[in-house]
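Text of work-v3.csv, listed as CSV, C-alpha atoms:
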```csv
chain,number,residue,atom,x,y,z
A,10,MET,CA,-12.8,-46.2,113.6
A,11,GLU,CA,-12.3,-42.9,115.3
A,12,GLN,CA,-13.5,-39.9,113.4
A,13,HIS,CA,-10.8,-37.3,112.5
A,14,VAL,CA,-11.8,-33.9,113.8
A,15,SER,CA,-10.1,-30.5,113.7
A,16,PHE,CA,-8.1,-29.0,116.5
A,17,GLN,CA,-10.9,-26.5,117.0
A,18,THR,CA,-13.3,-29.3,117.6
A,19,LYS,CA,-10.9,-31.3,119.8
A,20,LEU,CA,-10.8,-28.3,122.2
A,21,LEU,CA,-14.4,-29.0,123.1
A,22,HIS,CA,-15.0,-32.7,122.3
A,23,ASN,CA,-12.4,-34.9,124.0
A,24,LYS,CA,-12.2,-37.5,126.8
A,25,TRP,CA,-13.2,-34.8,129.3
A,26,LYS,CA,-16.2,-33.3,127.5
A,27,MET,CA,-18.5,-34.8,130.2
A,28,ASP,CA,-18.3,-36.5,133.6
A,29,PRO,CA,-19.0,-40.2,133.1
A,30,GLN,CA,-20.5,-40.5,136.5
A,31,THR,CA,-23.1,-37.7,136.3
A,32,GLY,CA,-23.1,-36.5,132.6
A,33,ALA,CA,-22.0,-33.0,133.8
A,34,VAL,CA,-20.4,-31.0,130.9
A,35,SER,CA,-17.8,-29.6,133.2
A,36,VAL,CA,-14.8,-31.4,134.8
A,37,PRO,CA,-15.5,-31.9,138.5
A,38,ILE,CA,-13.2,-30.1,140.9
A,39,GLN,CA,-11.8,-32.7,143.3
A,40,HIS,CA,-10.4,-30.7,146.3
A,41,ALA,CA,-9.3,-33.8,148.3
A,42,SER,CA,-5.7,-33.8,149.4
A,43,THR,CA,-5.7,-37.5,150.3
A,44,PHE,CA,-7.6,-40.6,149.2
A,45,HIS,CA,-8.8,-43.6,151.2
A,46,GLN,CA,-7.2,-46.9,150.2
A,47,PHE,CA,-9.8,-49.7,150.1
A,48,ASP,CA,-7.3,-52.5,150.0
A,49,PHE,CA,-4.4,-52.9,152.4
A,50,ASP,CA,-2.1,-54.4,149.8
A,51,THR,CA,-3.2,-52.7,146.7
A,52,PHE,CA,-3.5,-48.9,146.7
A,53,GLY,CA,-5.8,-47.1,144.3
A,54,LYS,CA,-4.9,-44.8,141.4
A,55,TYR,CA,-4.8,-41.8,143.7
A,56,ASP,CA,-3.2,-41.5,147.2
A,57,TYR,CA,-2.0,-37.9,147.7
A,58,SER,CA,-2.9,-35.0,145.5
A,59,ARG,CA,0.8,-33.9,145.0
A,60,SER,CA,1.3,-37.3,143.3
A,61,GLY,CA,-1.9,-37.2,141.3
A,62,ASN,CA,-5.4,-35.6,141.3
A,63,PRO,CA,-8.4,-36.3,139.0
A,64,THR,CA,-8.9,-32.6,138.1
A,65,ARG,CA,-5.2,-31.9,137.5
A,66,GLU,CA,-5.1,-35.2,135.5
A,67,ALA,CA,-7.9,-34.0,133.2
A,68,LEU,CA,-5.8,-30.9,132.3
A,69,GLU,CA,-2.6,-33.0,131.9
A,70,GLU,CA,-4.3,-35.5,129.6
A,71,THR,CA,-5.9,-32.7,127.6
A,72,ILE,CA,-2.7,-30.7,126.9
A,73,ALA,CA,-0.9,-34.0,126.1
A,74,ALA,CA,-3.6,-34.8,123.5
A,75,LEU,CA,-3.5,-31.3,122.0
A,76,GLU,CA,0.3,-31.2,121.7
A,77,GLY,CA,0.5,-34.8,120.5
A,78,GLY,CA,2.5,-36.1,123.4
A,79,VAL,CA,2.3,-39.2,125.6
A,80,ARG,CA,2.0,-37.4,128.9
A,81,GLY,CA,1.4,-33.9,130.2
A,82,PHE,CA,2.3,-32.2,133.5
A,83,ALA,CA,0.6,-29.3,135.2
A,84,PHE,CA,2.6,-27.0,137.5
A,85,SER,CA,2.0,-24.0,139.7
A,86,SER,CA,3.5,-21.6,137.2
A,87,GLY,CA,5.3,-21.5,133.9
A,88,MET,CA,8.6,-21.0,135.7
A,89,ALA,CA,7.8,-24.1,137.9
A,90,ALA,CA,7.4,-26.1,134.7
A,91,ILE,CA,10.6,-24.8,133.2
A,92,SER,CA,12.6,-25.2,136.5
A,93,THR,CA,11.4,-28.8,136.9
A,94,ALA,CA,12.3,-29.7,133.4
A,95,PHE,CA,15.8,-28.2,134.0
A,96,LEU,CA,16.1,-30.7,136.9
A,97,LEU,CA,16.7,-33.3,134.3
A,98,LEU,CA,20.2,-31.8,134.1
A,99,SER,CA,23.0,-32.8,136.4
A,100,LYS,CA,26.2,-31.1,137.7
A,101,GLY,CA,28.7,-30.6,134.8
A,102,ASP,CA,26.0,-30.6,132.1
A,103,HIS,CA,25.8,-27.7,129.6
A,104,VAL,CA,22.7,-26.1,128.1
A,105,LEU,CA,22.4,-23.9,125.0
A,106,VAL,CA,19.7,-21.2,125.3
A,107,THR,CA,17.9,-18.8,123.0
A,108,GLU,CA,19.7,-15.5,123.3
A,109,ASP,CA,16.6,-13.2,124.0
A,110,VAL,CA,15.0,-15.7,126.3
A,111,TYR,CA,12.3,-14.7,128.8
A,112,GLY,CA,13.8,-12.8,131.7
A,113,GLY,CA,12.6,-15.4,134.3
A,114,THR,CA,14.2,-18.2,132.4
A,115,TYR,CA,17.4,-16.1,132.1
A,116,ARG,CA,17.4,-15.6,135.9
A,117,MET,CA,16.8,-19.3,136.5
A,118,ILE,CA,19.7,-20.3,134.3
A,119,THR,CA,22.2,-17.7,135.4
A,120,GLU,CA,21.4,-17.4,139.1
A,121,VAL,CA,20.1,-20.9,140.1
A,122,LEU,CA,21.4,-23.6,137.7
A,123,SER,CA,24.8,-22.1,137.7
A,124,ARG,CA,25.0,-22.6,141.5
A,125,PHE,CA,24.6,-26.4,140.9
A,126,GLY,CA,27.5,-26.6,138.5
A,127,ILE,CA,25.4,-26.5,135.3
A,128,GLU,CA,27.0,-24.6,132.5
A,129,TYR,CA,25.2,-22.5,129.9
A,130,THR,CA,25.7,-20.5,126.7
A,131,PHE,CA,23.3,-18.0,125.1
A,132,VAL,CA,23.2,-18.1,121.3
A,133,ASP,CA,21.3,-16.6,118.4
A,134,MET,CA,19.1,-19.6,117.7
A,135,THR,CA,18.2,-18.2,114.3
A,136,ASP,CA,21.8,-19.0,113.2
A,137,LEU,CA,22.1,-22.8,113.0
A,138,HIS,CA,25.8,-22.5,112.4
A,139,GLU,CA,26.3,-20.5,115.6
A,140,VAL,CA,24.2,-23.1,117.5
A,141,ALA,CA,26.3,-26.0,116.0
A,142,SER,CA,29.6,-24.2,116.9
A,143,HIS,CA,28.6,-23.9,120.5
A,144,ILE,CA,27.6,-27.5,121.2
A,145,ARG,CA,30.0,-29.1,123.6
A,146,PRO,CA,30.6,-32.7,124.5
A,147,ASN,CA,28.7,-32.1,127.8
A,148,THR,CA,25.8,-30.2,126.1
A,149,LYS,CA,22.6,-32.0,127.2
A,150,VAL,CA,19.8,-29.6,126.4
A,151,ILE,CA,19.1,-27.1,123.7
A,152,TYR,CA,16.5,-24.7,125.0
A,153,VAL,CA,14.4,-22.8,122.4
A,154,GLU,CA,11.9,-20.0,122.4
A,155,THR,CA,10.3,-19.4,119.1
A,156,PRO,CA,9.1,-16.9,118.4
A,157,SER,CA,11.3,-15.5,121.1
A,158,ASN,CA,10.3,-13.1,123.8
A,159,PRO,CA,10.4,-10.1,123.2
A,160,LEU,CA,12.0,-9.7,119.8
A,161,LEU,CA,9.9,-12.4,118.0
A,162,LYS,CA,12.9,-14.1,116.4
A,163,VAL,CA,12.0,-17.3,114.7
A,164,THR,CA,14.1,-20.5,115.1
A,165,ASP,CA,14.1,-23.3,112.6
A,166,ILE,CA,12.8,-26.1,114.9
A,167,ARG,CA,13.6,-28.9,112.5
A,168,GLY,CA,17.1,-27.6,112.1
A,169,ILE,CA,17.7,-27.5,115.9
A,170,VAL,CA,16.2,-31.0,116.4
A,171,LYS,CA,18.6,-32.3,113.7
A,172,LEU,CA,21.6,-30.8,115.5
A,173,ALA,CA,20.4,-32.0,118.9
A,174,LYS,CA,19.9,-35.6,117.7
A,175,ALA,CA,23.3,-35.7,116.1
A,176,ASN,CA,24.9,-34.6,119.3
A,177,GLY,CA,22.8,-36.6,121.8
A,178,CYS,CA,21.0,-33.6,123.2
A,179,LEU,CA,17.4,-33.1,124.4
A,180,THR,CA,15.4,-30.2,123.0
A,181,PHE,CA,13.1,-28.1,125.2
A,182,LEU,CA,10.8,-25.6,123.5
A,183,ASP,CA,8.7,-22.8,125.1
A,184,ASN,CA,5.5,-22.8,123.1
A,185,THR,CA,3.7,-20.1,125.1
A,186,PHE,CA,3.4,-17.6,122.3
A,187,MET,CA,2.0,-20.1,119.7
A,188,THR,CA,0.2,-22.8,121.7
A,189,PRO,CA,-0.6,-26.1,120.0
A,190,ALA,CA,-3.3,-24.2,118.0
A,191,LEU,CA,-0.5,-22.7,115.9
A,192,GLN,CA,2.6,-24.7,116.4
A,193,ARG,CA,3.2,-28.4,117.3
A,194,PRO,CA,6.8,-28.8,118.3
A,195,LEU,CA,6.6,-32.5,119.3
A,196,ASP,CA,5.5,-33.3,115.7
A,197,LEU,CA,8.8,-31.6,114.6
A,198,GLY,CA,10.9,-33.8,116.9
A,199,VAL,CA,11.2,-31.7,120.1
A,200,ASP,CA,11.4,-33.7,123.3
A,201,VAL,CA,9.8,-31.4,125.9
A,202,VAL,CA,7.2,-28.6,125.2
A,203,LEU,CA,6.7,-26.0,127.9
A,204,HIS,CA,4.0,-23.4,128.5
A,205,SER,CA,3.1,-20.6,130.7
A,206,ALA,CA,-0.5,-21.6,130.8
A,207,THR,CA,-1.1,-18.2,132.5
A,208,LYS,CA,-1.1,-16.8,129.0
A,209,PHE,CA,-3.1,-17.8,125.9
A,210,LEU,CA,-4.1,-21.3,127.1
A,211,SER,CA,-6.1,-19.9,130.0
A,212,GLY,CA,-6.5,-16.5,128.4
A,213,HIS,CA,-8.3,-14.4,131.0
A,214,SER,CA,-5.7,-13.0,133.3
A,215,ASP,CA,-7.2,-15.0,136.2
A,216,VAL,CA,-4.8,-17.9,136.8
A,217,VAL,CA,-1.1,-18.7,137.1
A,218,ALA,CA,-0.1,-22.1,135.7
A,219,GLY,CA,2.5,-24.0,133.8
A,220,LEU,CA,2.4,-27.1,131.6
A,221,ALA,CA,4.9,-29.5,130.1
A,222,VAL,CA,4.4,-32.2,127.5
A,223,VAL,CA,6.7,-35.0,126.4
A,224,LYS,CA,6.5,-37.5,123.6
A,225,ASP,CA,8.7,-40.3,125.1
A,226,GLU,CA,7.5,-42.7,127.7
A,227,GLU,CA,10.8,-43.0,129.5
A,228,LEU,CA,11.3,-39.2,129.6
A,229,ALA,CA,7.7,-39.0,130.9
A,230,LYS,CA,8.6,-41.2,133.8
A,231,GLN,CA,11.7,-39.1,134.7
A,232,LEU,CA,9.7,-35.9,134.5
A,233,TYR,CA,6.9,-37.3,136.6
A,234,LYS,CA,9.4,-38.3,139.3
A,235,LEU,CA,10.7,-34.8,139.3
A,236,GLN,CA,7.3,-33.3,139.5
A,237,ASN,CA,6.3,-35.5,142.4
A,238,SER,CA,9.6,-34.8,144.2
A,239,PHE,CA,9.8,-31.1,143.6
A,240,GLY,CA,6.1,-30.7,144.3
A,241,ALA,CA,5.3,-27.5,142.5
A,242,VAL,CA,2.0,-28.9,141.2
A,243,LEU,CA,-1.1,-26.9,140.0
A,244,GLY,CA,-4.0,-26.5,142.3
A,245,VAL,CA,-7.3,-28.0,141.2
A,246,GLN,CA,-9.2,-24.7,141.0
A,247,ASP,CA,-6.5,-23.3,138.7
A,248,ALA,CA,-6.5,-26.5,136.7
A,249,TRP,CA,-10.2,-26.1,136.1
A,250,LEU,CA,-9.8,-22.5,135.1
A,251,VAL,CA,-7.2,-23.5,132.5
A,252,LEU,CA,-9.5,-26.3,131.2
A,253,ARG,CA,-12.3,-23.7,130.8
A,254,GLY,CA,-10.0,-21.2,129.0
A,255,LEU,CA,-8.8,-23.9,126.6
A,256,LYS,CA,-12.3,-24.3,125.2
A,257,THR,CA,-12.1,-20.8,123.5
A,258,LEU,CA,-8.4,-20.9,122.6
A,259,HIS,CA,-9.0,-21.3,118.8
A,260,VAL,CA,-11.4,-18.4,118.4
A,261,ARG,CA,-9.5,-16.1,120.7
A,262,LEU,CA,-6.1,-16.7,119.0
A,263,GLU,CA,-7.6,-16.5,115.6
A,264,GLN,CA,-9.1,-13.0,116.1
A,265,SER,CA,-6.1,-11.7,118.1
A,266,SER,CA,-3.7,-12.9,115.5
A,267,GLN,CA,-5.7,-11.1,112.7
A,268,SER,CA,-5.7,-7.9,114.8
A,269,ALA,CA,-1.9,-8.3,115.5
A,270,LEU,CA,-1.1,-8.3,111.8
A,271,ALA,CA,-3.2,-5.2,111.1
A,272,ILE,CA,-1.6,-3.4,114.0
A,273,ALA,CA,1.9,-4.5,113.0
A,274,ARG,CA,1.3,-3.1,109.5
A,275,TYR,CA,0.0,0.1,110.9
A,276,LEU,CA,3.0,0.6,113.2
A,277,ALA,CA,5.5,-0.3,110.5
A,278,ASN,CA,4.2,2.7,108.5
A,279,HIS,CA,4.2,5.2,111.3
A,280,PRO,CA,7.1,7.7,111.2
A,281,LYS,CA,7.6,7.7,115.0
A,282,VAL,CA,8.0,3.9,115.2
A,283,GLU,CA,11.6,2.8,114.4
A,284,GLU,CA,11.1,-0.9,114.0
A,285,VAL,CA,8.3,-3.5,114.3
A,286,TYR,CA,9.0,-7.1,115.3
A,287,TYR,CA,6.3,-9.5,114.1
A,288,PRO,CA,6.8,-12.6,112.0
A,289,GLY,CA,3.6,-12.0,110.1
A,290,LEU,CA,5.2,-9.1,108.3
A,291,THR,CA,6.7,-10.5,105.0
A,292,TYR,CA,10.0,-8.8,105.5
A,293,HIS,CA,10.5,-10.2,108.9
A,294,PRO,CA,13.7,-12.4,108.8
A,295,GLY,CA,11.8,-15.4,110.1
A,296,HIS,CA,8.6,-15.0,108.1
A,297,ALA,CA,9.3,-17.9,105.7
A,298,ILE,CA,10.4,-20.3,108.4
A,299,GLN,CA,7.3,-19.4,110.5
A,300,ARG,CA,5.0,-20.1,107.6
A,301,TYR,CA,6.7,-23.5,107.1
A,302,GLN,CA,6.7,-24.8,110.7
A,303,ALA,CA,3.5,-23.2,112.1
A,304,SER,CA,0.0,-22.4,111.0
A,305,GLY,CA,0.0,-18.8,112.1
A,306,PHE,CA,2.0,-15.9,113.4
A,307,GLY,CA,0.5,-15.3,116.8
A,308,ALA,CA,-0.9,-12.3,118.7
A,309,VAL,CA,2.3,-10.9,120.2
A,310,LEU,CA,4.4,-8.2,118.5
A,311,SER,CA,7.0,-5.7,119.7
A,312,PHE,CA,7.9,-2.3,118.4
A,313,ARG,CA,10.6,0.2,119.1
A,314,LEU,CA,10.3,3.9,119.7
A,315,ALA,CA,13.3,6.3,119.9
A,316,ASP,CA,14.0,6.0,123.6
A,317,GLU,CA,12.5,5.8,127.1
A,318,GLU,CA,11.2,9.4,126.9
A,319,ALA,CA,9.1,8.4,123.8
A,320,VAL,CA,7.9,5.3,125.6
A,321,ARG,CA,6.8,7.3,128.6
A,322,ALA,CA,4.8,9.7,126.5
A,323,PHE,CA,3.1,6.9,124.6
A,324,VAL,CA,2.3,4.9,127.7
A,325,LYS,CA,0.9,7.9,129.5
A,326,HIS,CA,-1.6,8.6,126.7
A,327,VAL,CA,-2.6,5.2,125.4
A,328,ARG,CA,-6.0,4.3,126.8
A,329,ILE,CA,-7.2,0.8,125.7
A,330,PRO,CA,-4.4,-1.7,126.5
A,331,VAL,CA,-3.6,-2.7,130.1
A,332,PHE,CA,0.0,-1.6,130.9
A,333,ALA,CA,1.2,-4.7,132.8
A,334,VAL,CA,3.4,-7.7,132.8
A,335,SER,CA,2.1,-10.9,131.2
A,336,LEU,CA,0.4,-11.5,127.8
A,337,GLY,CA,-2.1,-13.8,126.1
A,338,ALA,CA,-5.3,-12.4,127.6
A,339,VAL,CA,-8.7,-11.3,126.3
A,340,GLU,CA,-7.6,-7.7,127.0
A,341,SER,CA,-4.7,-6.3,125.1
A,342,ILE,CA,-1.6,-6.0,127.3
A,343,LEU,CA,1.2,-3.5,126.7
A,344,SER,CA,4.5,-4.3,128.4
A,345,TYR,CA,7.8,-2.6,128.8
A,346,PRO,CA,10.4,-5.4,128.7
A,347,ALA,CA,13.3,-3.4,130.1
A,348,LYS,CA,11.4,-3.0,133.4
A,349,MET,CA,9.0,-5.9,133.3
A,350,SER,CA,9.6,-9.2,131.6
A,351,HIS,CA,13.4,-8.7,131.3
A,352,ALA,CA,14.1,-6.7,134.4
A,353,ALA,CA,16.1,-9.7,135.7
A,354,MET,CA,18.5,-9.3,132.8
A,355,PRO,CA,21.3,-6.7,133.3
A,356,LYS,CA,21.0,-3.6,131.2
A,357,GLU,CA,24.1,-4.3,129.1
A,358,GLU,CA,22.8,-7.8,128.4
A,359,ARG,CA,19.4,-6.5,127.4
A,360,GLU,CA,20.9,-3.9,125.0
A,361,ARG,CA,23.3,-6.4,123.5
A,362,ARG,CA,20.3,-8.5,122.6
A,363,GLY,CA,18.3,-5.5,121.2
A,364,ILE,CA,16.0,-5.1,124.1
A,365,THR,CA,16.4,-1.4,124.3
A,366,ASP,CA,14.8,1.3,126.5
A,367,GLY,CA,12.6,2.2,123.6
A,368,LEU,CA,11.1,-1.3,123.1
A,369,LEU,CA,7.4,-2.1,123.9
A,370,ARG,CA,5.7,-5.5,123.6
A,371,LEU,CA,2.0,-5.7,122.8
A,372,SER,CA,-0.1,-8.8,123.3
A,373,VAL,CA,-3.2,-8.2,121.3
A,374,GLY,CA,-6.6,-9.1,122.9
A,375,LEU,CA,-10.1,-9.2,121.6
A,376,GLU,CA,-10.8,-5.5,121.1
A,377,ALA,CA,-11.6,-4.3,117.6
A,378,ALA,CA,-8.3,-3.7,115.8
A,379,ASP,CA,-9.5,-0.4,114.4
A,380,ASP,CA,-10.1,0.8,118.0
A,381,LEU,CA,-6.6,-0.2,119.1
A,382,ILE,CA,-5.1,1.5,116.0
A,383,ALA,CA,-7.0,4.7,116.6
A,384,ASP,CA,-5.9,4.7,120.3
A,385,PHE,CA,-2.3,4.1,119.2
A,386,GLU,CA,-2.6,7.0,116.7
A,387,GLN,CA,-3.6,9.5,119.3
A,388,ALA,CA,-1.0,8.2,121.8
A,389,LEU,CA,1.8,8.5,119.2
A,390,SER,CA,0.8,12.1,118.5
A,391,TYR,CA,2.3,12.9,121.9
A,392,VAL,CA,5.6,11.3,121.1
A,393,LYS,CA,8.2,13.9,119.9
A,394,GLU,CA,9.6,13.7,116.4
A,395,THR,CA,13.2,12.6,116.3
A,396,SER,CA,15.8,12.5,113.5
A,397,SER,CA,16.2,8.8,114.0
A,398,SER,CA,12.5,8.1,113.3
A,399,THR,CA,13.1,7.2,109.6
A,400,VAL,CA,10.9,4.2,109.0
A,401,SER,CA,9.6,4.4,105.5
A,402,ALA,CA,6.2,3.0,104.4
A,403,ARG,CA,6.3,-0.6,103.5
```
Let's see the structure in the file written out as structure tokens.
Amino acid sequence: MEQHVSFQTKLLHNKWKMDPQTGAVSVPIQHASTFHQFDFDTFGKYDYSRSGNPTREALEETIAALEGGVRGFAFSSGMAAISTAFLLLSKGDHVLVTEDVYGGTYRMITEVLSRFGIEYTFVDMTDLHEVASHIRPNTKVIYVETPSNPLLKVTDIRGIVKLAKANGCLTFLDNTFMTPALQRPLDLGVDVVLHSATKFLSGHSDVVAGLAVVKDEELAKQLYKLQNSFGAVLGVQDAWLVLRGLKTLHVRLEQSSQSALAIARYLANHPKVEEVYYPGLTYHPGHAIQRYQASGFGAVLSFRLADEEAVRAFVKHVRIPVFAVSLGAVESILSYPAKMSHAAMPKEERERRGITDGLLRLSVGLEAADDLIADFEQALSYVKETSSSTVSAR
């Protein structure tokens, strides 16, 4: 009988802990693009690396096991994974999408899917009544980000799944912020889980990759056919880097999440910070749901200053975080959604969703939380006082 082990242990001790041929404790990198067939009538498991590669397969099987799915798929980027999953849709289909979705996903839906006759509606996924009221007879997919990017809104996954099943819809969920270390959407009934593996899964700002996992064998066959046809597969060197990064996922996310909560509490009590968005704060609207459906709150938070002038002053003087796009790395990354992650979204659409010119997103890395807080304190001292900065101590 197989011994039950924790997620933390599974990251290190799994089918791919060693090479069965040599005993090497690192997955071999198989660079071959093509494979010799030893039998004229019966081809081997691998023929061409777009269709299947041993190194990529190791990553695909690993993420499938961690997410609790039947099959995993590795892509050249998170957007390649998302775009390929959307190819399950056909002309005339309709998709419901989280309102403050990642900007690249927004662009894919509004500028690409729309050209192929696929309809879409953005809704506040935290309001199940609003979701239900926007489901149409041709709605085929409900696409969820939770917590969302960048406002950290929390969607009731079980509630969405119930609505989807009642209306014959598939559910896609972007699990990039949480990873299977903190949230297991397939266990809650979701059909397709998606990741930008560039972020927490690899964790070192040195690879671009995307992953998808499904829990249904028939859906797995459909997605594999699309992966093989579309061809945006992950290279073997990058697959190996993600596998290496996965080994430290638990400890990285645990420390970064603890630091994120400490920083969120500090910012929530600072007079120059107008609002903090982090589900770990007890007064966050999604706090109770997050506690119920996940085992943590993650390492990403957002906070709002008065305006762009305040953001410029803060960014100019903050020293420790990298000011860059992306998230989920060992170093803290400070981002400006209006000009980075959500630059593809028109200004009026951003502002309607609450993505203002004063909003900053912070992905907390492995630095000491006290050092980050001290750095933020000195940077905020350069931000001018405004009459609108009225956040009280909580």
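CA of Thr180 (chain A) is found 13.6 Å from CA of Ala141 (chain A).
Taking CA of Thr148 (chain A) and CA of Met134 (chain A) as the two end points, the separation is 15.1 Å.
When the distance limit is 6 Å and all atoms listed in the file are what count, the residues near region 328-335 of chain A, minus those fewer than 6 positions from it on the same chain, are Ser341, Ile342, Leu343, Ser344 and Met349 of chain A.
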Expected file contents, prior selection, C-alpha atoms, as a PDB file, in the frame of the given file:
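Just written: result.pdb:
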```
ATOM      1  CA  SER A 341      -4.700  -6.300 125.100  1.00  0.00           C
ATOM      2  CA  ILE A 342      -1.600  -6.000 127.300  1.00  0.00           C
ATOM      3  CA  LEU A 343       1.200  -3.500 126.700  1.00  0.00           C
ATOM      4  CA  SER A 344       4.500  -4.300 128.400  1.00  0.00           C
ATOM      5  CA  MET A 349       9.000  -5.900 133.300  1.00  0.00           C
TER       6      MET A 349
END
```
Proximity to Ser205 (chain A) - best of A:Ile127, A:Gln192, A:Gly337, A:Lys256, all atoms listed in the file: A:Gly337
Contacts of region 102-117 of chain A within 6 Å, only C-alpha atoms, excl. fewer than 5 positions in-chain, as a list of chain:residue names: A:Ile127, A:Glu128, A:Tyr129, A:Thr130, A:Phe131, A:Val132, A:Asp133, A:Met134, A:Asn147, A:Thr148, A:Lys149, A:Val150, A:Ile151, A:Tyr152, A:Val153, A:Asn158, A:Ser350, A:His351, A:Ala353, A:Met354
Local residues around (-3.3, 7.9, 123.3), at most 9 Å away, using all atoms listed in the file, as a ChimeraX atom specification: /A:322-329,383-391
Counting only C-alpha atoms, the option among A:Ala378, A:Val309, A:Ala229, A:Val202 closest to Leu161 (chain A): A:Val309
Residue among A:Lys234, A:His45, A:Arg362, A:His40 lying closest to Thr64 (chain A), counting all atoms listed in the file: A:His40
